[in-house]
Number of protein chains: 2
Amino acid sequence: MAAKRRAQMVEETRAKLIQAARRAFAAKGYAASSMDDLTAEAGLTRGALYHNFGGKKGLLQAVIDQMDAEMLVRMRAAREKADNAWLGFMEESIAYMEMALEPEIQRIMLLDGPAVLGDPSQWPNQNACLRTTMETLQGLIDEGTVRPVDAEAAARLLNGAALNAALWIAAADEPRAVFEKVVEAFRSLAEGLLRSESG
Amino acid sequence: MAAKRRAQMVEETRAKLIQAARRAFAAKGYAASSMDDLTAEAGLTRGALYHNFGGKKGLLQAVIDQMDAEMLVRMRAAREKADNAWLGFMEESIAYMEMALEPEIQRIMLLDGPAVLGDPSQWPNQNACLRTTMETLQGLIDEGTVRPVDAEAAARLLNGAALNAALWIAAADEPRAVFEKVVEAFRSLAEGLLRSESG
DNA sequence: ATTCTTACATACGCGGCGTATGTCAATAGG
DNA sequence: CCTATTGACATACGCCGCGTATGTAAGAAT
């Protein structure tokens, strides 16, 4: 019980640091964020950061893990709203693009993350939200809806497409209008994966 | 004539710095590359760098412009080998993916570039090799081969797909085998853009 | 021939990161 | 209940790297 109190405090410390880091990284980017500043904002010092995360990269990794988990939840929710598997996949993909429009996600997950930590598929948690896309796709292949392509390859392609499109949308003058165009083009592209109806 | 000599020297200086920067950025990444080191390797000092490029970011921009131009040439060459426009587009896209496998291009153009300078479409030269994809695509739409989607949106999606796939391939154990899978999946995806044959 | 400008080199200061060390509270053992 | 030990952080130090301000020599302008 007393032991639990201690563990609880540690978790709070970690949570505070991750929270502060998310804001700092999102606002200024990873490179421009000072560890002194963000720890101070959390009411702590760099000592806590090095103890808990081993360094600046470790903190970024922790932030990414947290955000990735959140994104996973949102993608699942989007998929489960749809009537069938294929439409679920579309909704899931669109949800991903919408999330990729959020500055925090874009900056941390899509720009700084890969640049600092390398390819997302090599991350410790294996990028859960990419895995979800892959598994959804594999299900569609198994049920015969989608051509028998390599699920991971296709998932990668679609994820990358969505990611890049989101970068573009975010920088556009009228994000919402551009978003509609992208969704339409994305649907066309994705339909290339469907088994041809005449087949 | 004497004036030309002077301009020539300046060009050589800039070329030397860009060359050294390309190697340094490719080897260690942008953040870990010391300007003192790379200028010294070029037989110069940071003074020359700040004078010619305004700073570290300016140098990165110059490096990217140069590489982008080179990529453009290679994409054109790939396209012109093909028999028809659609196949040309495929070859062009595959060429892009192959280039994206090269560590130098991957590190500088695809990882550090966007992270440091922001969205590629906002870069000064407007990312020439993306424009090429877009124009090729627009041609295919005009001739009726491709569905009337937004060319820029589709180009963005395909570029992003190729980019992300390349990141994955490069980190894979057997890059070549994975590359084949990706190309196959990419073809399927891209065919989603074709007008349906029954139409 | 002189002034002015260009194209760099040199010098300086500040901020940021990592590490080594210190401190205090909490657990464990007798 | 008292002490030894570990854990969770804070403090202190040094180095490196960037940007800027200043210096300098060679070419261009008049």
# chains A, B, ... in the order shown; residues from 1 in each chain; ligands from 1
call {"tool": "interface_residues", "arguments": {"of": "chain B", "to": "chain C", "cutoff": "8 Å", "atoms": "only C-alpha atoms (C1' of nucleotides)", "output": "PyMOL selection string"}}
result
chain B and resi 45+47-48+51
call {"tool": "interface_residues", "arguments": {"of": "chain D", "to": "chain B", "cutoff": "9 Å", "atoms": "only C-alpha atoms (C1' of nucleotides)", "output": "PyMOL selection string"}}
result
chain D and resi 17-19+27-28
call {"tool": "closest_residue", "arguments": {"among": "A:Arg74, A:Ala40, A:Gly144, A:Gly29", "to": "chain B", "atoms": "only C-alpha atoms"}}
result
A:Gly29
call {"tool": "interface_residues", "arguments": {"of": "chain A", "to": "chain B", "cutoff": "7 Å", "atoms": "only C-alpha atoms", "output": "ChimeraX atom specification"}}
result
/A:111-112,114-115,119,121,149-150,153-154,156-165,167-168,181-182,185,188-193
call {"tool": "write_last_selection", "arguments": {"atoms": "N, CA, C and O atoms", "output": "compact mmCIF listing (two decimals), in the first residue's frame"}}
result
# COMPACT_ATOMS: atom_id res chain seq x y z
N LEU A 111 6.53 13.95 -38.44
CA LEU A 111 7.74 14.65 -38.89
C LEU A 111 8.94 14.34 -38.00
O LEU A 111 9.91 13.74 -38.43
N ASP A 112 8.86 14.75 -36.73
CA ASP A 112 10.02 14.57 -35.86
C ASP A 112 10.28 13.10 -35.53
O ASP A 112 11.43 12.67 -35.46
N PRO A 114 9.88 10.08 -37.16
CA PRO A 114 10.73 9.36 -38.11
C PRO A 114 12.12 9.97 -38.26
O PRO A 114 13.10 9.25 -38.40
N ALA A 115 12.21 11.28 -38.22
CA ALA A 115 13.51 11.93 -38.42
C ALA A 115 14.46 11.62 -37.27
O ALA A 115 15.65 11.42 -37.48
N ASP A 119 12.72 4.78 -38.97
CA ASP A 119 11.50 4.20 -39.52
C ASP A 119 10.55 3.72 -38.43
O ASP A 119 10.93 2.96 -37.55
N SER A 121 8.29 1.51 -38.33
CA SER A 121 8.07 0.07 -38.17
C SER A 121 9.16 -0.56 -37.29
O SER A 121 9.02 -1.68 -36.86
N VAL A 149 -2.82 -9.17 -52.48
CA VAL A 149 -1.51 -8.49 -52.45
C VAL A 149 -0.91 -8.66 -51.06
O VAL A 149 -1.56 -9.18 -50.16
N ASP A 150 0.30 -8.24 -50.89
CA ASP A 150 0.94 -8.31 -49.58
C ASP A 150 0.31 -7.25 -48.67
O ASP A 150 0.35 -6.05 -48.97
N ALA A 153 2.62 -4.49 -47.28
CA ALA A 153 3.03 -3.55 -48.32
C ALA A 153 1.90 -2.57 -48.63
O ALA A 153 2.12 -1.35 -48.68
N ALA A 154 0.71 -3.10 -48.80
CA ALA A 154 -0.42 -2.24 -49.12
C ALA A 154 -0.72 -1.27 -47.98
O ALA A 154 -0.99 -0.09 -48.20
N ARG A 156 1.34 -0.15 -45.77
CA ARG A 156 2.40 0.85 -45.79
C ARG A 156 2.14 1.93 -46.83
O ARG A 156 2.29 3.12 -46.59
N LEU A 157 1.77 1.49 -48.01
CA LEU A 157 1.52 2.43 -49.10
C LEU A 157 0.38 3.37 -48.74
O LEU A 157 0.48 4.59 -48.90
N LEU A 158 -0.70 2.79 -48.25
CA LEU A 158 -1.86 3.63 -47.94
C LEU A 158 -1.57 4.57 -46.77
O LEU A 158 -1.97 5.73 -46.78
N ASN A 159 -0.88 4.05 -45.79
CA ASN A 159 -0.52 4.90 -44.66
C ASN A 159 0.34 6.07 -45.12
O ASN A 159 0.12 7.21 -44.72
N GLY A 160 1.31 5.76 -45.91
CA GLY A 160 2.19 6.81 -46.41
C GLY A 160 1.43 7.82 -47.25
O GLY A 160 1.66 9.02 -47.15
N ALA A 161 0.52 7.31 -48.05
CA ALA A 161 -0.28 8.20 -48.88
C ALA A 161 -1.06 9.17 -48.01
O ALA A 161 -1.05 10.39 -48.23
N ALA A 162 -1.70 8.62 -47.01
CA ALA A 162 -2.51 9.45 -46.11
C ALA A 162 -1.65 10.47 -45.38
O ALA A 162 -2.01 11.64 -45.26
N LEU A 163 -0.53 10.00 -44.93
CA LEU A 163 0.39 10.86 -44.20
C LEU A 163 0.81 12.07 -45.04
O LEU A 163 0.71 13.23 -44.63
N ASN A 164 1.29 11.76 -46.22
CA ASN A 164 1.79 12.82 -47.08
C ASN A 164 0.69 13.79 -47.48
O ASN A 164 0.89 15.00 -47.55
N ALA A 165 -0.46 13.21 -47.73
CA ALA A 165 -1.59 14.06 -48.10
C ALA A 165 -1.93 15.01 -46.97
O ALA A 165 -2.20 16.19 -47.18
N LEU A 167 0.04 16.22 -44.73
CA LEU A 167 1.03 17.29 -44.69
C LEU A 167 0.66 18.41 -45.65
O LEU A 167 0.79 19.59 -45.35
N TRP A 168 0.20 17.98 -46.79
CA TRP A 168 -0.17 18.94 -47.83
C TRP A 168 -1.41 19.72 -47.42
O TRP A 168 -1.46 20.95 -47.52
N LYS A 181 -10.97 16.69 -51.68
CA LYS A 181 -10.31 16.19 -52.89
C LYS A 181 -9.47 14.97 -52.60
O LYS A 181 -9.47 13.99 -53.35
N VAL A 182 -8.74 15.06 -51.52
CA VAL A 182 -7.85 13.96 -51.15
C VAL A 182 -8.64 12.71 -50.85
O VAL A 182 -8.28 11.61 -51.29
N ALA A 185 -9.71 11.14 -54.09
CA ALA A 185 -8.59 10.49 -54.77
C ALA A 185 -8.17 9.23 -54.02
O ALA A 185 -7.84 8.21 -54.62
N SER A 188 -10.44 6.37 -54.86
CA SER A 188 -10.10 5.81 -56.17
C SER A 188 -8.91 4.89 -56.08
O SER A 188 -8.91 3.76 -56.58
N LEU A 189 -7.91 5.40 -55.41
CA LEU A 189 -6.70 4.60 -55.25
C LEU A 189 -6.99 3.28 -54.55
O LEU A 189 -6.63 2.21 -55.04
N ALA A 190 -7.64 3.39 -53.42
CA ALA A 190 -7.89 2.19 -52.62
C ALA A 190 -8.71 1.17 -53.38
O ALA A 190 -8.51 -0.04 -53.23
N GLU A 191 -9.60 1.64 -54.22
CA GLU A 191 -10.43 0.72 -54.99
C GLU A 191 -9.60 -0.11 -55.96
O GLU A 191 -10.07 -1.12 -56.47
N GLY A 192 -8.42 0.34 -56.21
CA GLY A 192 -7.51 -0.45 -57.03
C GLY A 192 -7.19 -1.78 -56.36
O GLY A 192 -6.81 -2.74 -57.01
N LEU A 193 -7.38 -1.82 -55.06
CA LEU A 193 -7.10 -3.05 -54.33
C LEU A 193 -8.24 -4.05 -54.39
O LEU A 193 -8.07 -5.23 -54.14
call {"tool": "calpha_fit_and_write", "arguments": {"fixed": "chain B", "moving": "chain A", "output": "PDB file with C-alpha atoms, in the first residue's frame"}}
result
ATOM      1  CA  MET A   1      36.598  38.016 -67.704  1.00  0.00           C
ATOM      2  CA  ALA A   2      38.295  38.798 -64.422  1.00  0.00           C
ATOM      3  CA  ALA A   3      34.789  39.192 -63.080  1.00  0.00           C
ATOM      4  CA  LYS A   4      33.929  35.756 -64.338  1.00  0.00           C
ATOM      5  CA  ARG A   5      36.852  34.297 -62.510  1.00  0.00           C
ATOM      6  CA  ARG A   6      35.465  35.674 -59.276  1.00  0.00           C
ATOM      7  CA  ALA A   7      31.978  34.326 -59.886  1.00  0.00           C
ATOM      8  CA  GLN A   8      33.522  31.008 -60.777  1.00  0.00           C
ATOM      9  CA  MET A   9      35.356  30.849 -57.467  1.00  0.00           C
ATOM     10  CA  VAL A  10      32.153  31.576 -55.602  1.00  0.00           C
ATOM     11  CA  GLU A  11      30.378  28.811 -57.416  1.00  0.00           C
ATOM     12  CA  GLU A  12      33.167  26.431 -56.557  1.00  0.00           C
ATOM     13  CA  THR A  13      32.948  27.407 -52.917  1.00  0.00           C
ATOM     14  CA  ARG A  14      29.222  26.829 -52.873  1.00  0.00           C
ATOM     15  CA  ALA A  15      29.612  23.532 -54.659  1.00  0.00           C
ATOM     16  CA  LYS A  16      32.249  22.361 -52.190  1.00  0.00           C
ATOM     17  CA  LEU A  17      30.069  23.229 -49.232  1.00  0.00           C
ATOM     18  CA  ILE A  18      27.021  21.550 -50.720  1.00  0.00           C
ATOM     19  CA  GLN A  19      29.064  18.482 -51.509  1.00  0.00           C
ATOM     20  CA  ALA A  20      30.447  18.244 -47.991  1.00  0.00           C
ATOM     21  CA  ALA A  21      27.009  18.848 -46.533  1.00  0.00           C
ATOM     22  CA  ARG A  22      25.464  16.085 -48.620  1.00  0.00           C
ATOM     23  CA  ARG A  23      27.943  13.609 -47.283  1.00  0.00           C
ATOM     24  CA  ALA A  24      27.679  14.775 -43.705  1.00  0.00           C
ATOM     25  CA  PHE A  25      23.885  14.946 -43.677  1.00  0.00           C
ATOM     26  CA  ALA A  26      23.595  11.577 -45.356  1.00  0.00           C
ATOM     27  CA  ALA A  27      26.010   9.948 -42.959  1.00  0.00           C
ATOM     28  CA  LYS A  28      24.993  11.455 -39.629  1.00  0.00           C
ATOM     29  CA  GLY A  29      21.734  13.222 -40.284  1.00  0.00           C
ATOM     30  CA  TYR A  30      21.135  16.935 -40.226  1.00  0.00           C
ATOM     31  CA  ALA A  31      20.986  17.449 -36.477  1.00  0.00           C
ATOM     32  CA  ALA A  32      24.153  15.527 -35.730  1.00  0.00           C
ATOM     33  CA  SER A  33      26.199  17.194 -38.427  1.00  0.00           C
ATOM     34  CA  SER A  34      28.530  19.873 -37.143  1.00  0.00           C
ATOM     35  CA  MET A  35      28.972  22.884 -39.341  1.00  0.00           C
ATOM     36  CA  ASP A  36      32.519  23.275 -38.122  1.00  0.00           C
ATOM     37  CA  ASP A  37      33.298  19.755 -39.235  1.00  0.00           C
ATOM     38  CA  LEU A  38      31.703  19.814 -42.627  1.00  0.00           C
ATOM     39  CA  THR A  39      33.119  23.196 -43.572  1.00  0.00           C
ATOM     40  CA  ALA A  40      36.568  22.085 -42.474  1.00  0.00           C
ATOM     41  CA  GLU A  41      36.214  19.010 -44.641  1.00  0.00           C
ATOM     42  CA  ALA A  42      35.577  21.345 -47.540  1.00  0.00           C
ATOM     43  CA  GLY A  43      38.688  23.319 -46.654  1.00  0.00           C
ATOM     44  CA  LEU A  44      36.642  26.294 -45.438  1.00  0.00           C
ATOM     45  CA  THR A  45      35.105  27.701 -42.258  1.00  0.00           C
ATOM     46  CA  ARG A  46      31.661  28.514 -40.990  1.00  0.00           C
ATOM     47  CA  GLY A  47      32.158  32.042 -42.252  1.00  0.00           C
ATOM     48  CA  ALA A  48      31.807  30.895 -45.833  1.00  0.00           C
ATOM     49  CA  LEU A  49      28.717  28.939 -44.961  1.00  0.00           C
ATOM     50  CA  TYR A  50      26.916  31.816 -43.323  1.00  0.00           C
ATOM     51  CA  HIS A  51      27.937  34.159 -46.101  1.00  0.00           C
ATOM     52  CA  ASN A  52      26.671  31.920 -48.883  1.00  0.00           C
ATOM     53  CA  PHE A  53      23.698  30.163 -47.326  1.00  0.00           C
ATOM     54  CA  GLY A  54      22.698  32.241 -44.343  1.00  0.00           C
ATOM     55  CA  GLY A  55      22.871  29.360 -41.913  1.00  0.00           C
ATOM     56  CA  LYS A  56      22.462  25.660 -41.430  1.00  0.00           C
ATOM     57  CA  LYS A  57      18.918  25.537 -42.764  1.00  0.00           C
ATOM     58  CA  GLY A  58      19.936  27.481 -45.839  1.00  0.00           C
ATOM     59  CA  LEU A  59      22.603  24.938 -46.575  1.00  0.00           C
ATOM     60  CA  LEU A  60      20.139  22.099 -46.184  1.00  0.00           C
ATOM     61  CA  GLN A  61      17.799  23.890 -48.551  1.00  0.00           C
ATOM     62  CA  ALA A  62      20.578  24.215 -51.121  1.00  0.00           C
ATOM     63  CA  VAL A  63      21.436  20.543 -50.785  1.00  0.00           C
ATOM     64  CA  ILE A  64      17.803  19.608 -51.234  1.00  0.00           C
ATOM     65  CA  ASP A  65      17.416  21.782 -54.295  1.00  0.00           C
ATOM     66  CA  GLN A  66      20.368  20.103 -55.900  1.00  0.00           C
ATOM     67  CA  MET A  67      19.197  16.604 -55.097  1.00  0.00           C
ATOM     68  CA  ASP A  68      15.673  17.369 -56.187  1.00  0.00           C
ATOM     69  CA  ALA A  69      16.944  18.486 -59.570  1.00  0.00           C
ATOM     70  CA  GLU A  70      18.916  15.283 -59.929  1.00  0.00           C
ATOM     71  CA  MET A  71      15.910  13.193 -59.038  1.00  0.00           C
ATOM     72  CA  LEU A  72      13.823  15.022 -61.576  1.00  0.00           C
ATOM     73  CA  VAL A  73      16.249  14.078 -64.332  1.00  0.00           C
ATOM     74  CA  ARG A  74      16.192  10.444 -63.339  1.00  0.00           C
ATOM     75  CA  MET A  75      12.416  10.327 -63.208  1.00  0.00           C
ATOM     76  CA  ARG A  76      12.112  11.836 -66.653  1.00  0.00           C
ATOM     77  CA  ALA A  77      14.572   9.330 -68.018  1.00  0.00           C
ATOM     78  CA  ALA A  78      12.593   6.443 -66.561  1.00  0.00           C
ATOM     79  CA  ARG A  79       9.332   7.713 -67.984  1.00  0.00           C
ATOM     80  CA  GLU A  80      10.673   8.252 -71.450  1.00  0.00           C
ATOM     81  CA  LYS A  81      11.771   4.662 -71.733  1.00  0.00           C
ATOM     82  CA  ALA A  82       8.217   3.339 -71.602  1.00  0.00           C
ATOM     83  CA  ASP A  83       5.948   2.657 -74.566  1.00  0.00           C
ATOM     84  CA  ASN A  84       2.868   4.535 -73.468  1.00  0.00           C
ATOM     85  CA  ALA A  85       1.910   7.237 -71.033  1.00  0.00           C
ATOM     86  CA  TRP A  86       0.478   4.972 -68.382  1.00  0.00           C
ATOM     87  CA  LEU A  87       3.453   2.657 -68.329  1.00  0.00           C
ATOM     88  CA  GLY A  88       5.645   5.723 -68.321  1.00  0.00           C
ATOM     89  CA  PHE A  89       3.902   6.867 -65.225  1.00  0.00           C
ATOM     90  CA  MET A  90       4.476   3.492 -63.618  1.00  0.00           C
ATOM     91  CA  GLU A  91       8.153   3.558 -64.484  1.00  0.00           C
ATOM     92  CA  GLU A  92       8.461   7.045 -63.152  1.00  0.00           C
ATOM     93  CA  SER A  93       6.878   6.011 -59.891  1.00  0.00           C
ATOM     94  CA  ILE A  94       9.039   2.949 -59.564  1.00  0.00           C
ATOM     95  CA  ALA A  95      12.086   5.045 -60.262  1.00  0.00           C
ATOM     96  CA  TYR A  96      11.039   7.293 -57.424  1.00  0.00           C
ATOM     97  CA  MET A  97      10.778   4.356 -55.075  1.00  0.00           C
ATOM     98  CA  GLU A  98      14.160   3.095 -56.111  1.00  0.00           C
ATOM     99  CA  MET A  99      15.688   6.459 -55.463  1.00  0.00           C
ATOM    100  CA  ALA A 100      13.952   6.621 -52.132  1.00  0.00           C
ATOM    101  CA  LEU A 101      15.893   3.519 -51.195  1.00  0.00           C
ATOM    102  CA  GLU A 102      19.193   5.304 -51.482  1.00  0.00           C
ATOM    103  CA  PRO A 103      20.330   6.281 -47.997  1.00  0.00           C
ATOM    104  CA  GLU A 104      21.366   9.763 -49.001  1.00  0.00           C
ATOM    105  CA  ILE A 105      18.025  10.611 -50.579  1.00  0.00           C
ATOM    106  CA  GLN A 106      16.066   8.952 -47.843  1.00  0.00           C
ATOM    107  CA  ARG A 107      17.848  10.663 -45.027  1.00  0.00           C
ATOM    108  CA  ILE A 108      18.052  14.140 -46.511  1.00  0.00           C
ATOM    109  CA  MET A 109      15.048  14.464 -48.791  1.00  0.00           C
ATOM    110  CA  LEU A 110      12.543  12.287 -47.004  1.00  0.00           C
ATOM    111  CA  LEU A 111      13.361  12.470 -43.333  1.00  0.00           C
ATOM    112  CA  ASP A 112      15.345  15.545 -42.361  1.00  0.00           C
ATOM    113  CA  GLY A 113      14.028  17.791 -45.112  1.00  0.00           C
ATOM    114  CA  PRO A 114      10.377  17.757 -44.105  1.00  0.00           C
ATOM    115  CA  ALA A 115      11.221  17.732 -40.402  1.00  0.00           C
ATOM    116  CA  VAL A 116      13.479  20.766 -40.607  1.00  0.00           C
ATOM    117  CA  LEU A 117      11.976  22.775 -43.454  1.00  0.00           C
ATOM    118  CA  GLY A 118       8.361  21.701 -43.256  1.00  0.00           C
ATOM    119  CA  ASP A 119       6.082  20.450 -45.985  1.00  0.00           C
ATOM    120  CA  PRO A 120       7.934  19.894 -49.273  1.00  0.00           C
ATOM    121  CA  SER A 121       5.229  21.574 -51.334  1.00  0.00           C
ATOM    122  CA  GLN A 122       6.077  24.798 -49.560  1.00  0.00           C
ATOM    123  CA  TRP A 123       9.751  24.678 -50.506  1.00  0.00           C
ATOM    124  CA  PRO A 124      11.110  27.426 -52.759  1.00  0.00           C
ATOM    125  CA  ASN A 125      11.574  25.232 -55.809  1.00  0.00           C
ATOM    126  CA  GLN A 126       8.188  23.654 -55.123  1.00  0.00           C
ATOM    127  CA  ASN A 127       9.635  20.146 -55.085  1.00  0.00           C
ATOM    128  CA  ALA A 128      10.167  19.618 -58.772  1.00  0.00           C
ATOM    129  CA  CYS A 129       9.916  15.865 -58.701  1.00  0.00           C
ATOM    130  CA  LEU A 130       6.477  15.997 -57.121  1.00  0.00           C
ATOM    131  CA  ARG A 131       5.394  18.430 -59.802  1.00  0.00           C
ATOM    132  CA  THR A 132       6.538  15.999 -62.429  1.00  0.00           C
ATOM    133  CA  THR A 133       4.353  13.271 -61.024  1.00  0.00           C
ATOM    134  CA  MET A 134       1.453  15.663 -60.962  1.00  0.00           C
ATOM    135  CA  GLU A 135       1.926  16.815 -64.525  1.00  0.00           C
ATOM    136  CA  THR A 136       2.304  13.287 -65.818  1.00  0.00           C
ATOM    137  CA  LEU A 137      -0.883  12.382 -64.036  1.00  0.00           C
ATOM    138  CA  GLN A 138      -2.728  15.389 -65.386  1.00  0.00           C
ATOM    139  CA  GLY A 139      -1.741  14.322 -68.887  1.00  0.00           C
ATOM    140  CA  LEU A 140      -3.223  10.896 -68.264  1.00  0.00           C
ATOM    141  CA  ILE A 141      -6.430  12.466 -67.041  1.00  0.00           C
ATOM    142  CA  ASP A 142      -6.657  14.720 -70.078  1.00  0.00           C
ATOM    143  CA  GLU A 143      -6.216  11.832 -72.473  1.00  0.00           C
ATOM    144  CA  GLY A 144      -8.901   9.905 -70.611  1.00  0.00           C
ATOM    145  CA  THR A 145      -6.749   7.110 -69.326  1.00  0.00           C
ATOM    146  CA  VAL A 146      -7.199   8.076 -65.718  1.00  0.00           C
ATOM    147  CA  ARG A 147     -10.373   8.967 -63.880  1.00  0.00           C
ATOM    148  CA  PRO A 148     -10.961  12.696 -63.461  1.00  0.00           C
ATOM    149  CA  VAL A 149      -9.636  12.969 -59.933  1.00  0.00           C
ATOM    150  CA  ASP A 150      -7.641  15.909 -58.648  1.00  0.00           C
ATOM    151  CA  ALA A 151      -4.183  15.431 -60.122  1.00  0.00           C
ATOM    152  CA  GLU A 152      -2.325  17.079 -57.295  1.00  0.00           C
ATOM    153  CA  ALA A 153      -4.154  15.070 -54.688  1.00  0.00           C
ATOM    154  CA  ALA A 154      -3.469  11.814 -56.476  1.00  0.00           C
ATOM    155  CA  ALA A 155       0.158  12.729 -57.056  1.00  0.00           C
ATOM    156  CA  ARG A 156       0.552  13.529 -53.402  1.00  0.00           C
ATOM    157  CA  LEU A 157      -0.987  10.252 -52.360  1.00  0.00           C
ATOM    158  CA  LEU A 158       1.168   8.192 -54.674  1.00  0.00           C
ATOM    159  CA  ASN A 159       4.301  10.062 -53.757  1.00  0.00           C
ATOM    160  CA  GLY A 160       3.632   9.580 -50.103  1.00  0.00           C
ATOM    161  CA  ALA A 161       2.887   5.934 -50.637  1.00  0.00           C
ATOM    162  CA  ALA A 162       6.162   5.419 -52.433  1.00  0.00           C
ATOM    163  CA  LEU A 163       8.061   7.372 -49.854  1.00  0.00           C
ATOM    164  CA  ASN A 164       6.729   5.472 -46.912  1.00  0.00           C
ATOM    165  CA  ALA A 165       7.181   2.176 -48.628  1.00  0.00           C
ATOM    166  CA  ALA A 166      10.781   3.024 -49.313  1.00  0.00           C
ATOM    167  CA  LEU A 167      11.389   3.730 -45.656  1.00  0.00           C
ATOM    168  CA  TRP A 168      10.073   0.317 -44.871  1.00  0.00           C
ATOM    169  CA  ILE A 169      12.019  -1.427 -47.564  1.00  0.00           C
ATOM    170  CA  ALA A 170      15.253   0.158 -46.507  1.00  0.00           C
ATOM    171  CA  ALA A 171      14.825  -1.133 -42.975  1.00  0.00           C
ATOM    172  CA  ALA A 172      13.850  -4.624 -44.082  1.00  0.00           C
ATOM    173  CA  ASP A 173      16.112  -7.646 -43.881  1.00  0.00           C
ATOM    174  CA  GLU A 174      15.788  -8.461 -47.539  1.00  0.00           C
ATOM    175  CA  PRO A 175      15.176  -5.142 -49.221  1.00  0.00           C
ATOM    176  CA  ARG A 176      14.994  -6.517 -52.712  1.00  0.00           C
ATOM    177  CA  ALA A 177      12.314  -9.077 -51.954  1.00  0.00           C
ATOM    178  CA  VAL A 178      10.213  -6.543 -50.124  1.00  0.00           C
ATOM    179  CA  PHE A 179      10.668  -4.133 -52.974  1.00  0.00           C
ATOM    180  CA  GLU A 180       9.014  -6.554 -55.361  1.00  0.00           C
ATOM    181  CA  LYS A 181       6.021  -6.903 -53.090  1.00  0.00           C
ATOM    182  CA  VAL A 182       5.688  -3.179 -52.837  1.00  0.00           C
ATOM    183  CA  VAL A 183       5.830  -2.678 -56.566  1.00  0.00           C
ATOM    184  CA  GLU A 184       3.079  -5.216 -57.029  1.00  0.00           C
ATOM    185  CA  ALA A 185       0.887  -3.596 -54.404  1.00  0.00           C
ATOM    186  CA  PHE A 186       1.656  -0.207 -55.865  1.00  0.00           C
ATOM    187  CA  ARG A 187       0.503  -1.325 -59.291  1.00  0.00           C
ATOM    188  CA  SER A 188      -2.757  -2.539 -57.827  1.00  0.00           C
ATOM    189  CA  LEU A 189      -3.280   0.699 -56.045  1.00  0.00           C
ATOM    190  CA  ALA A 190      -2.444   2.860 -59.011  1.00  0.00           C
ATOM    191  CA  GLU A 191      -4.795   0.900 -61.220  1.00  0.00           C
ATOM    192  CA  GLY A 192      -7.552   2.179 -59.030  1.00  0.00           C
ATOM    193  CA  LEU A 193      -7.023   5.440 -60.845  1.00  0.00           C
ATOM    194  CA  LEU A 194      -7.635   3.923 -64.266  1.00  0.00           C
ATOM    195  CA  ARG A 195     -10.987   4.306 -65.904  1.00  0.00           C
ATOM    196  CA  SER A 196     -12.779   1.022 -65.490  1.00  0.00           C
ATOM    197  CA  GLU A 197     -12.393  -0.991 -68.682  1.00  0.00           C
ATOM    198  CA  SER A 198     -16.100  -1.688 -68.934  1.00  0.00           C
ATOM    199  CA  GLY A 199     -16.914   2.028 -68.787  1.00  0.00           C
TER     200      GLY A 199
END
call {"tool": "select_by_dssp", "arguments": {"residues": "stretch 25-169 of chain B", "states": "alpha helix (DSSP H)", "output": "PyMOL selection string"}}
result
chain B and resi 25-28+35-41+46-53+56-81+85-100+103-105+113-117+128-142+151-169
call {"tool": "decode", "arguments": {"residues": "stretch 9-30 of chain C", "atoms": "C-alpha atoms (C1' of nucleotides)", "output": "PDB file, in the first residue's frame"}}
result
ATOM      1  C1'  DA C   9      38.057  34.010 -41.755  1.00  0.00           C
ATOM      2  C1'  DT C  10      38.332  34.848 -36.760  1.00  0.00           C
ATOM      3  C1'  DA C  11      36.545  35.752 -32.189  1.00  0.00           C
ATOM      4  C1'  DC C  12      33.027  35.770 -28.803  1.00  0.00           C
ATOM      5  C1'  DG C  13      28.999  34.541 -26.064  1.00  0.00           C
ATOM      6  C1'  DC C  14      25.044  31.921 -25.066  1.00  0.00           C
ATOM      7  C1'  DG C  15      22.231  27.975 -24.727  1.00  0.00           C
ATOM      8  C1'  DG C  16      21.635  23.142 -24.531  1.00  0.00           C
ATOM      9  C1'  DC C  17      22.851  18.461 -23.783  1.00  0.00           C
ATOM     10  C1'  DG C  18      24.869  14.693 -21.176  1.00  0.00           C
ATOM     11  C1'  DT C  19      27.054  13.112 -17.011  1.00  0.00           C
ATOM     12  C1'  DA C  20      28.778  12.994 -12.535  1.00  0.00           C
ATOM     13  C1'  DT C  21      27.598  13.900  -8.066  1.00  0.00           C
ATOM     14  C1'  DG C  22      24.668  15.106  -4.152  1.00  0.00           C
ATOM     15  C1'  DT C  23      20.402  14.667  -1.208  1.00  0.00           C
ATOM     16  C1'  DC C  24      16.471  13.048   0.944  1.00  0.00           C
ATOM     17  C1'  DA C  25      12.786   9.949   1.540  1.00  0.00           C
ATOM     18  C1'  DA C  26      11.171   5.295   1.372  1.00  0.00           C
ATOM     19  C1'  DT C  27      11.726   0.458   1.847  1.00  0.00           C
ATOM     20  C1'  DA C  28      14.077  -3.666   3.844  1.00  0.00           C
ATOM     21  C1'  DG C  29      16.323  -6.346   7.369  1.00  0.00           C
ATOM     22  C1'  DG C  30      17.376  -7.519  12.016  1.00  0.00           C
TER      23       DG C  30
END
